[in-house]
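Structure, as structure tokens:
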Amino acid sequence: MNNLSIRNLLLVRKQFFQYFFVGGVATGVDVGVFSLFSLLFRVDYRIAIVLGFLFGVATNFSLCNWVVFPGRRRPLWLVFARHLLASSAVLLVNEVVMISLVELFKYENLVMAKLMSSGMAFLINFFIKKRYVYNNVFYEKQEKQMATLPIVQRRSQG
């Protein structure tokens, strides 16, 4: 292995462990909001999953930009849109696993089912975020395209 590939491997490993921490915090927010709405406010668990998801995604986005994948990516709304889209795939995994556990397997502990479904989605989530959301090549192309536009068009698009 050459130095570049070893460096990349070490970077991915570091990001994975940072994402494990960030994912844990975001999952805590997600599960906490889910529990609050499903257990305390008696909201249907399928709706509570989405509410927890929204708060978890906001937490995950903030921490990923600050801790795991720091860098200047612009425009921020595009980074968030890609983050939200990638997270929607994880929401789908969470919904399918949760509904399967609760409806098919009659698992009654909703919080434990939520934790299991989140654990299953963790690896998928990391690699989607790494390859799709925080891929610097995509944002560098966007900046180059914006730089070639006349100033009037840049203001209306940026």
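By convention in this document, the chains of the structure tokens carry letters A, B, ... by their order, each chain's residues are numbered from 1, and ligands are numbered from 1 in the order they are shown.
Within the 12 Å cut-off around Phe17 of chain A, using only C-alpha atoms and omitting residues fewer than 5 positions from it on the same chain, the listed residues are Leu10, Leu11, Val12, Val22, Gly23, Gly24, Cys64, Val67, Val68, Phe69, Phe122, Leu123 and Phe126 of chain A.
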Excluding Ala121 of chain A and its own-chain neighbours fewer than 2 positions away, which residues fall within 8 Å of it when counting only C-alpha atoms? Please give them as a list in words. Val90, Val93, Asn94, Ser117, Ser118, Gly119, Leu123, Ile124 and Asn125 of chain A
Return as a count of residues only the full set of residues in chain A whose backbone-based DSSP assignment is alpha helix (DSSP H). 115
Residue with smallest distance to Phe80 of chain A - pool A:Tyr45, A:Phe105, A:Tyr132, A:Phe21, counting only C-alpha atoms: A:Tyr132
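We find atom CA of Phe61 of chain A and atom CA of His83 of chain A to be spaced 6.9 Å apart.
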